[in-house]
file start.json (JSON, C-alpha atoms and all ligand atoms)
[["chain", "number", "residue", "atom", "x", "y", "z"],
["A", 1, "MET", "CA", 41.09, -81.86, 32.73],
["A", 2, "ARG", "CA", 38.13, -82.07, 30.39],
["A", 3, "LYS", "CA", 36.33, -85.40, 30.11],
["A", 4, "LYS", "CA", 35.94, -87.52, 27.01],
["A", 5, "ILE", "CA", 32.26, -88.15, 26.35],
["A", 6, "VAL", "CA", 30.37, -90.57, 24.14],
["A", 7, "ALA", "CA", 26.65, -89.76, 24.08],
["A", 8, "GLY", "CA", 23.87, -91.63, 22.30],
["A", 9, "ASN", "CA", 20.93, -89.53, 21.09],
["A", 10, "TRP", "CA", 18.13, -92.00, 20.45],
["A", 11, "LYS", "CA", 15.86, -89.24, 19.05],
["A", 12, "MET", "CA", 12.26, -90.49, 18.55],
["A", 13, "ASN", "CA", 13.28, -94.13, 18.22],
["A", 14, "LEU", "CA", 12.68, -97.35, 20.20],
["A", 15, "ASP", "CA", 9.65, -98.27, 22.28],
["A", 16, "ILE", "CA", 10.22, -99.10, 25.94],
["A", 17, "HIS", "CA", 10.84, -102.81, 25.27],
["A", 18, "GLN", "CA", 13.37, -102.06, 22.55],
["A", 19, "GLY", "CA", 15.00, -99.44, 24.77],
["A", 20, "GLU", "CA", 15.35, -101.88, 27.67],
["A", 21, "THR", "CA", 16.76, -104.54, 25.36],
["A", 22, "LEU", "CA", 19.33, -102.12, 23.96],
["A", 23, "VAL", "CA", 20.47, -101.13, 27.46],
["A", 24, "GLN", "CA", 20.64, -104.78, 28.56],
["A", 25, "ASP", "CA", 22.70, -105.59, 25.46],
["A", 26, "LEU", "CA", 25.03, -102.67, 26.25],
["A", 27, "LEU", "CA", 25.44, -103.88, 29.82],
["A", 28, "LYS", "CA", 26.57, -107.27, 28.51],
["A", 29, "LYS", "CA", 29.40, -105.63, 26.56],
["A", 30, "ASP", "CA", 32.61, -105.14, 28.44],
["A", 31, "ILE", "CA", 32.54, -101.37, 28.30],
["A", 32, "VAL", "CA", 35.29, -99.79, 30.36],
["A", 33, "ILE", "CA", 34.27, -96.42, 31.79],
["A", 34, "ASN", "CA", 37.01, -94.80, 33.89],
["A", 35, "ASP", "CA", 37.09, -91.39, 35.57],
["A", 36, "ALA", "CA", 38.18, -89.64, 32.38],
["A", 37, "ILE", "CA", 35.15, -90.81, 30.38],
["A", 38, "GLU", "CA", 31.40, -90.25, 30.46],
["A", 39, "VAL", "CA", 28.95, -92.40, 28.54],
["A", 40, "ILE", "CA", 25.45, -90.92, 28.36],
["A", 41, "LEU", "CA", 22.24, -92.17, 26.75],
["A", 42, "PHE", "CA", 19.50, -89.76, 25.65],
["A", 43, "PRO", "CA", 16.28, -91.76, 25.30],
["A", 44, "SER", "CA", 12.73, -90.46, 25.02],
["A", 45, "PHE", "CA", 11.20, -88.87, 28.15],
["A", 46, "ILE", "CA", 8.96, -91.89, 28.68],
["A", 47, "HIS", "CA", 11.97, -94.21, 29.04],
["A", 48, "LEU", "CA", 13.91, -92.10, 31.53],
["A", 49, "SER", "CA", 12.65, -93.56, 34.77],
["A", 50, "THR", "CA", 12.87, -97.21, 33.68],
["A", 51, "LEU", "CA", 16.34, -96.84, 32.22],
["A", 52, "ILE", "CA", 17.68, -94.90, 35.21],
["A", 53, "ASP", "CA", 16.62, -97.87, 37.37],
["A", 54, "LEU", "CA", 18.15, -100.34, 34.96],
["A", 55, "LEU", "CA", 21.47, -98.44, 34.97],
["A", 56, "GLN", "CA", 21.70, -97.96, 38.73],
["A", 57, "GLU", "CA", 24.75, -100.23, 39.06],
["A", 58, "SER", "CA", 26.35, -98.97, 35.86],
["A", 59, "GLU", "CA", 28.58, -95.98, 35.10],
["A", 60, "ILE", "CA", 26.39, -95.18, 32.09],
["A", 61, "LYS", "CA", 24.42, -91.98, 32.68],
["A", 62, "ILE", "CA", 21.05, -90.85, 31.39],
["A", 63, "GLY", "CA", 20.14, -87.53, 29.84],
["A", 64, "ALA", "CA", 16.98, -85.97, 28.40],
["A", 65, "GLN", "CA", 16.54, -84.74, 24.84],
["A", 66, "ASN", "CA", 14.66, -81.56, 25.73],
["A", 67, "ASN", "CA", 13.26, -79.36, 28.50],
["A", 68, "HIS", "CA", 10.73, -76.54, 28.68],
["A", 69, "PRO", "CA", 12.11, -73.11, 29.65],
["A", 70, "MET", "CA", 9.56, -72.67, 32.45],
["A", 71, "GLU", "CA", 9.68, -74.47, 35.77],
["A", 72, "SER", "CA", 5.98, -75.43, 35.93],
["A", 73, "GLY", "CA", 2.57, -74.27, 34.79],
["A", 74, "ALA", "CA", -0.06, -74.59, 32.09],
["A", 75, "PHE", "CA", 2.14, -75.98, 29.30],
["A", 76, "THR", "CA", 0.34, -79.15, 28.23],
["A", 77, "GLY", "CA", 2.63, -81.90, 27.03],
["A", 78, "GLU", "CA", 5.83, -80.27, 28.24],
["A", 79, "VAL", "CA", 8.50, -81.40, 30.71],
["A", 80, "SER", "CA", 10.49, -79.00, 32.90],
["A", 81, "ALA", "CA", 14.11, -79.16, 34.00],
["A", 82, "THR", "CA", 12.94, -79.38, 37.62],
["A", 83, "MET", "CA", 10.94, -82.51, 36.78],
["A", 84, "LEU", "CA", 13.98, -84.02, 35.07],
["A", 85, "ALA", "CA", 16.17, -83.21, 38.06],
["A", 86, "SER", "CA", 13.71, -85.03, 40.33],
["A", 87, "LEU", "CA", 14.49, -88.21, 38.34],
["A", 88, "ASN", "CA", 18.25, -87.61, 38.78],
["A", 89, "VAL", "CA", 18.74, -86.86, 35.12],
["A", 90, "ASN", "CA", 22.30, -85.49, 34.80],
["A", 91, "PHE", "CA", 22.36, -84.04, 31.28],
["A", 92, "CYS", "CA", 20.01, -82.50, 28.71],
["A", 93, "LEU", "CA", 20.41, -81.66, 25.01],
["A", 94, "VAL", "CA", 19.73, -78.05, 24.02],
["A", 95, "GLY", "CA", 19.79, -76.51, 20.57],
["A", 96, "HIS", "CA", 19.77, -79.69, 18.49],
["A", 97, "SER", "CA", 19.35, -78.79, 14.81],
["A", 98, "GLU", "CA", 16.19, -80.88, 14.57],
["A", 99, "ARG", "CA", 14.57, -78.77, 17.29],
["A", 100, "ARG", "CA", 15.93, -75.52, 15.81],
["A", 101, "THR", "CA", 14.35, -76.53, 12.48],
["A", 102, "TYR", "CA", 11.09, -78.32, 13.36],
["A", 103, "ASN", "CA", 10.27, -76.46, 16.58],
["A", 104, "HIS", "CA", 11.68, -73.09, 15.51],
["A", 105, "GLU", "CA", 13.81, -72.79, 18.64],
["A", 106, "ASN", "CA", 15.73, -69.53, 18.51],
["A", 107, "HIS", "CA", 18.45, -67.80, 20.52],
["A", 108, "GLU", "CA", 15.99, -66.45, 23.12],
["A", 109, "VAL", "CA", 14.25, -69.78, 23.79],
["A", 110, "LEU", "CA", 17.54, -71.69, 23.91],
["A", 111, "SER", "CA", 18.95, -69.19, 26.37],
["A", 112, "LYS", "CA", 15.92, -69.69, 28.67],
["A", 113, "LYS", "CA", 16.17, -73.47, 28.37],
["A", 114, "LEU", "CA", 19.82, -73.27, 29.40],
["A", 115, "ASP", "CA", 18.93, -71.11, 32.40],
["A", 116, "ALA", "CA", 16.24, -73.58, 33.48],
["A", 117, "LEU", "CA", 18.78, -76.42, 33.31],
["A", 118, "TYR", "CA", 21.48, -74.52, 35.22],
["A", 119, "HIS", "CA", 18.88, -73.65, 37.86],
["A", 120, "ALA", "CA", 17.88, -77.32, 38.18],
["A", 121, "GLY", "CA", 21.51, -78.51, 38.35],
["A", 122, "ILE", "CA", 21.41, -80.37, 35.03],
["A", 123, "ARG", "CA", 24.37, -80.09, 32.65],
["A", 124, "PRO", "CA", 23.39, -78.97, 29.14],
["A", 125, "ILE", "CA", 24.94, -80.37, 26.01],
["A", 126, "TYR", "CA", 24.58, -77.32, 23.80],
["A", 127, "CYS", "CA", 24.37, -78.36, 20.13],
["A", 128, "LEU", "CA", 25.23, -76.17, 17.17],
["A", 129, "GLY", "CA", 26.08, -76.66, 13.53],
["A", 130, "GLU", "CA", 25.88, -75.10, 10.10],
["A", 131, "HIS", "CA", 23.75, -76.07, 7.10],
["A", 132, "LEU", "CA", 25.41, -77.07, 3.85],
["A", 133, "GLU", "CA", 24.69, -73.67, 2.28],
["A", 134, "HIS", "CA", 26.71, -71.93, 5.03],
["A", 135, "ARG", "CA", 29.68, -74.19, 4.43],
["A", 136, "GLU", "CA", 29.40, -73.69, 0.68],
["A", 137, "ASN", "CA", 29.20, -69.91, 0.89],
["A", 138, "GLY", "CA", 31.91, -69.70, 3.56],
["A", 139, "SER", "CA", 29.71, -68.34, 6.36],
["A", 140, "HIS", "CA", 30.00, -71.42, 8.59],
["A", 141, "PHE", "CA", 32.43, -69.90, 11.11],
["A", 142, "GLU", "CA", 30.26, -66.80, 11.48],
["A", 143, "LEU", "CA", 27.15, -68.93, 12.00],
["A", 144, "ILE", "CA", 28.80, -71.08, 14.65],
["A", 145, "LYS", "CA", 29.95, -67.95, 16.47],
["A", 146, "GLN", "CA", 26.38, -66.64, 16.39],
["A", 147, "GLN", "CA", 24.99, -69.92, 17.76],
["A", 148, "LEU", "CA", 27.71, -70.17, 20.42],
["A", 149, "SER", "CA", 26.98, -66.59, 21.53],
["A", 150, "VAL", "CA", 24.00, -67.89, 23.60],
["A", 151, "LEU", "CA", 26.69, -69.06, 26.02],
["A", 152, "PHE", "CA", 28.44, -65.68, 26.03],
["A", 153, "GLU", "CA", 25.59, -64.34, 28.23],
["A", 154, "LYS", "CA", 26.19, -67.02, 30.86],
["A", 155, "SER", "CA", 28.44, -66.97, 33.90],
["A", 156, "ASN", "CA", 31.80, -68.73, 34.11],
["A", 157, "ALA", "CA", 30.33, -71.27, 36.53],
["A", 158, "GLN", "CA", 27.48, -72.05, 34.12],
["A", 159, "VAL", "CA", 29.75, -72.43, 31.12],
["A", 160, "GLU", "CA", 32.03, -74.69, 33.14],
["A", 161, "ASN", "CA", 29.04, -77.02, 33.49],
["A", 162, "THR", "CA", 28.25, -77.02, 29.79],
["A", 163, "VAL", "CA", 29.31, -79.43, 27.05],
["A", 164, "VAL", "CA", 29.27, -78.21, 23.45],
["A", 165, "ALA", "CA", 28.41, -80.51, 20.53],
["A", 166, "TYR", "CA", 29.32, -79.47, 16.99],
["A", 167, "GLU", "CA", 26.92, -81.19, 14.61],
["A", 168, "PRO", "CA", 27.08, -79.95, 11.01],
["A", 169, "VAL", "CA", 23.49, -80.33, 9.76],
["A", 170, "TRP", "CA", 24.67, -81.69, 6.41],
["A", 171, "ALA", "CA", 26.30, -84.62, 8.25],
["A", 172, "ILE", "CA", 23.33, -85.59, 10.46],
["A", 173, "GLY", "CA", 21.71, -88.83, 9.34],
["A", 174, "THR", "CA", 23.16, -88.45, 5.86],
["A", 175, "GLY", "CA", 26.07, -90.88, 6.06],
["A", 176, "LYS", "CA", 28.26, -87.90, 5.08],
["A", 177, "THR", "CA", 30.69, -87.27, 7.95],
["A", 178, "ALA", "CA", 32.78, -84.15, 8.37],
["A", 179, "SER", "CA", 36.40, -85.06, 7.72],
["A", 180, "SER", "CA", 38.53, -85.23, 10.84],
["A", 181, "ALA", "CA", 40.31, -82.08, 9.60],
["A", 182, "GLN", "CA", 37.00, -80.21, 9.21],
["A", 183, "ALA", "CA", 35.89, -81.33, 12.69],
["A", 184, "GLN", "CA", 39.22, -80.36, 14.27],
["A", 185, "GLU", "CA", 39.21, -76.97, 12.53],
["A", 186, "MET", "CA", 35.74, -76.09, 13.83],
["A", 187, "HIS", "CA", 36.40, -77.46, 17.32],
["A", 188, "ALA", "CA", 39.60, -75.42, 17.58],
["A", 189, "TYR", "CA", 37.60, -72.36, 16.48],
["A", 190, "ILE", "CA", 34.89, -73.00, 19.11],
["A", 191, "ARG", "CA", 37.56, -73.45, 21.79],
["A", 192, "SER", "CA", 39.24, -70.19, 20.73],
["A", 193, "LEU", "CA", 35.91, -68.34, 21.05],
["A", 194, "LEU", "CA", 35.42, -69.79, 24.54],
["A", 195, "GLN", "CA", 38.97, -68.74, 25.40],
["A", 196, "ASP", "CA", 38.39, -65.16, 24.21],
["A", 197, "LYS", "CA", 35.23, -64.90, 26.28],
["A", 198, "PHE", "CA", 35.94, -67.00, 29.38],
["A", 199, "GLY", "CA", 39.72, -67.48, 29.50],
["A", 200, "ASN", "CA", 42.06, -70.37, 28.89],
["A", 201, "GLU", "CA", 41.12, -72.54, 31.85],
["A", 202, "ILE", "CA", 37.42, -72.75, 31.00],
["A", 203, "ALA", "CA", 38.16, -73.20, 27.29],
["A", 204, "GLN", "CA", 40.57, -76.05, 28.03],
["A", 205, "ASN", "CA", 38.15, -77.70, 30.46],
["A", 206, "THR", "CA", 35.14, -77.68, 28.14],
["A", 207, "SER", "CA", 34.39, -80.96, 26.37],
["A", 208, "LEU", "CA", 33.63, -80.45, 22.66],
["A", 209, "LEU", "CA", 31.80, -83.32, 20.96],
["A", 210, "TYR", "CA", 31.41, -84.05, 17.26],
["A", 211, "GLY", "CA", 28.10, -85.34, 15.89],
["A", 212, "GLY", "CA", 26.95, -86.29, 12.39],
["A", 213, "SER", "CA", 27.15, -89.79, 10.91],
["A", 214, "CYS", "CA", 29.77, -90.84, 13.43],
["A", 215, "ASN", "CA", 30.10, -94.61, 13.24],
["A", 216, "PRO", "CA", 32.44, -97.48, 14.20],
["A", 217, "LYS", "CA", 34.51, -96.88, 11.06],
["A", 218, "ASN", "CA", 35.24, -93.18, 11.51],
["A", 219, "ALA", "CA", 35.04, -92.72, 15.32],
["A", 220, "LYS", "CA", 38.69, -93.41, 16.10],
["A", 221, "GLU", "CA", 39.99, -90.98, 13.50],
["A", 222, "LEU", "CA", 37.56, -88.25, 14.62],
["A", 223, "PHE", "CA", 38.26, -88.80, 18.33],
["A", 224, "SER", "CA", 42.02, -88.70, 17.76],
["A", 225, "GLN", "CA", 41.81, -85.00, 16.88],
["A", 226, "LYS", "CA", 43.23, -82.70, 19.52],
["A", 227, "ASP", "CA", 40.04, -80.71, 20.13],
["A", 228, "VAL", "CA", 37.49, -83.49, 19.56],
["A", 229, "ASP", "CA", 36.61, -84.82, 23.00],
["A", 230, "GLY", "CA", 34.12, -87.45, 21.92],
["A", 231, "GLY", "CA", 30.89, -87.76, 20.01],
["A", 232, "LEU", "CA", 27.14, -87.27, 20.02],
["A", 233, "ILE", "CA", 25.93, -90.33, 18.16],
["A", 234, "GLY", "CA", 22.52, -90.72, 16.53],
["A", 235, "GLY", "CA", 21.84, -93.74, 14.32],
["A", 236, "ALA", "CA", 24.83, -95.81, 15.47],
["A", 237, "SER", "CA", 23.76, -95.47, 19.13],
["A", 238, "LEU", "CA", 20.68, -97.60, 18.39],
["A", 239, "ASN", "CA", 22.86, -100.68, 17.89],
["A", 240, "ALA", "CA", 24.63, -102.07, 20.99],
["A", 241, "GLU", "CA", 27.53, -103.52, 19.00],
["A", 242, "ASP", "CA", 28.21, -100.28, 17.11],
["A", 243, "PHE", "CA", 27.78, -98.02, 20.13],
["A", 244, "ALA", "CA", 30.06, -100.18, 22.31],
["A", 245, "TYR", "CA", 32.65, -100.11, 19.54],
["A", 246, "ILE", "CA", 32.44, -96.31, 19.31],
["A", 247, "ILE", "CA", 32.91, -96.05, 23.09],
["A", 248, "SER", "CA", 36.01, -98.23, 22.80],
["A", 249, "ALA", "CA", 37.37, -95.80, 20.18],
["A", 250, "ILE", "CA", 37.80, -93.13, 22.82],
["A", 251, "ASP", "CA", 41.01, -93.21, 24.84],
["B", 1, "LIG", "P1", 23.51, -89.33, 13.24],
["B", 1, "LIG", "O1", 24.65, -89.96, 14.02],
["B", 1, "LIG", "O2", 22.39, -90.30, 12.97],
["B", 1, "LIG", "O3", 23.99, -88.63, 12.01],
["B", 1, "LIG", "O4", 22.87, -88.21, 14.20],
["B", 1, "LIG", "C1", 23.70, -87.30, 14.81],
["B", 1, "LIG", "C2", 22.88, -86.51, 15.77],
["B", 1, "LIG", "O5", 22.03, -85.73, 15.37],
["B", 1, "LIG", "C3", 23.13, -86.70, 17.20],
["B", 1, "LIG", "O6", 22.48, -85.75, 17.97]]
call {"tool": "encode", "arguments": {"input": "start.json", "output": "structure tokens", "more": "lines below"}}
Ligand code: 13P
result
Amino acid sequence: MRKKIVAGNWKMNLDIHQGETLVQDLLKKDIVINDAIEVILFPSFIHLSTLIDLLQESEIKIGAQNNHPMESGAFTGEVSATMLASLNVNFCLVGHSERRTYNHENHEVLSKKLDALYHAGIRPIYCLGEHLEHRENGSHFELIKQQLSVLFEKSNAQVENTVVAYEPVWAIGTGKTASSAQAQEMHAYIRSLLQDKFGNEIAQNTSLLYGGSCNPKNAKELFSQKDVDGGLIGGASLNAEDFAYIISAID
């Protein structure tokens, strides 16, 4: 059975004091995390160690927002998957639209980043999503297939360890959410592509998250869709009240 997941991508927000306060505030909320649910926070690299310590007694997990494709070497300012694994980081985002846009990350780089994570035993959350122009000119399904195809080169065992997050770029940070029907339609399409390539069992066991202006008001409706297994939350994950409410919207 695939897990329901609520993940908070903090992006480049919160200094260490604010990050600790947010986690402490979350710990004060009565968040119920059973075996069917994962709650994961994705803070900045510099917060990882502190927050992993702070969450030692909690079911909340910690992930990283990025990794370098190489294991070590002369890459000033970079962090490898092996380094993340040494901190017991469980998850890492790959392919977020902000990195595709601002850091020009393409198919080849993303594929190498995934391999580095699989090698280090870290589960990737592979993000994909179309721009508004694709949706308007009807090429959004084709684009998602192209982006998902990075996974088509991977083994069954690797894909089994991967979570996919559909984040339409036009919905990220804009307050404009995909309708639950639009999210369901794309998630069903992604699952069908996984089924064609890897078979029914892997397709059914892969958690597919929705991201893009997900908030306490729309989370329940989005999460109630058959193929929406949770959310990757940006802005609303920076507020303990809102994030706790979104977690409670998953059942
Ligand atoms: P927002 O929830 O702020 O739209 O961000 C979504 C996102 O990019 C999560 O990775």
call {"tool": "atom_distance", "arguments": {"input": "start.json", "atom1": "atom O4 of ligand LIG 1 (chain B)", "atom2": "atom CA of A:Cys214"}}
result
7.4 Å
call {"tool": "residues_near_point", "arguments": {"input": "start.json", "point": "(22.2, -102.7, 21.7)", "cutoff": "12 Å", "atoms": "all atoms listed in the file", "output": "PyMOL selection string"}}
result
chain A and resi 8+10+14+17-29+41+235-245
call {"tool": "residues_near_ligand", "arguments": {"input": "start.json", "ligand": "ligand LIG 1 (chain B)", "cutoff": "8 Å", "atoms": "only C-alpha atoms and all ligand atoms", "output": "ChimeraX atom specification"}}
result
/A:8-11,96-98,127,167,169,171-175,177,211-215,232-237
call {"tool": "atom_distance", "arguments": {"input": "start.json", "atom1": "atom CA of A:Asn156", "atom2": "atom CA of A:Ile247"}}
result
29.5 Å
call {"tool": "residues_around", "arguments": {"input": "start.json", "residues": "A:Gly63", "least_positions_apart": "3", "cutoff": "12 Å", "atoms": "all atoms listed in the file", "output": "ChimeraX atom specification"}}
result
/A:7-11,38-45,47-49,51-52,60,66-67,81,84-85,87-94,117,122-125
call {"tool": "closest_residue", "arguments": {"input": "start.json", "among": "A:Ser192, A:Gln182, A:Ser111, A:Ser139", "to": "A:Gln158", "atoms": "all atoms listed in the file"}}
result
A:Ser111
call {"tool": "residues_near_point", "arguments": {"input": "start.json", "point": "(26.0, -71.0, 16.0)", "cutoff": "7 Å", "atoms": "all atoms listed in the file", "output": "list in words"}}
result
Leu128, Gly129, Leu143, Ile144, Lys145, Gln146, Gln147 and Leu148 of chain A
call {"tool": "residues_around", "arguments": {"input": "start.json", "residues": "A:Leu193", "least_positions_apart": "2", "cutoff": "12 Å", "atoms": "all atoms listed in the file", "output": "PyMOL selection string"}}
result
chain A and resi 141-142+144-149+151-152+186-191+195-200+202-204+206
call {"tool": "closest_residue", "arguments": {"input": "start.json", "among": "A:Asp229, A:Glu78, A:Asp115, A:Asp30", "to": "A:Ser58", "atoms": "only C-alpha atoms"}}
result
A:Asp30
call {"tool": "closest_residue", "arguments": {"input": "start.json", "among": "A:Ile46, A:Lys217, A:Leu208, A:Glu71", "to": "A:Met12", "atoms": "all atoms listed in the file"}}
result
A:Ile46
call {"tool": "closest_residue", "arguments": {"input": "start.json", "among": "A:Asn137, A:Gln56, A:Thr82, A:Ser180", "to": "A:Ser224", "atoms": "all atoms listed in the file"}}
result
A:Ser180
call {"tool": "closest_residue", "arguments": {"input": "start.json", "among": "A:Thr162, A:Gln184, A:Asn218, A:Gln225", "to": "A:Asn205", "atoms": "all atoms listed in the file"}}
result
A:Thr162
call {"tool": "atom_distance", "arguments": {"input": "start.json", "atom1": "atom CA of A:Ile5", "atom2": "atom CA of A:Val228"}}
result
9.8 Å
call {"tool": "closest_residue", "arguments": {"input": "start.json", "among": "A:Ile31, A:Trp170, A:Glu160, A:Glu108", "to": "A:Glu136", "atoms": "only C-alpha atoms"}}
result
A:Trp170
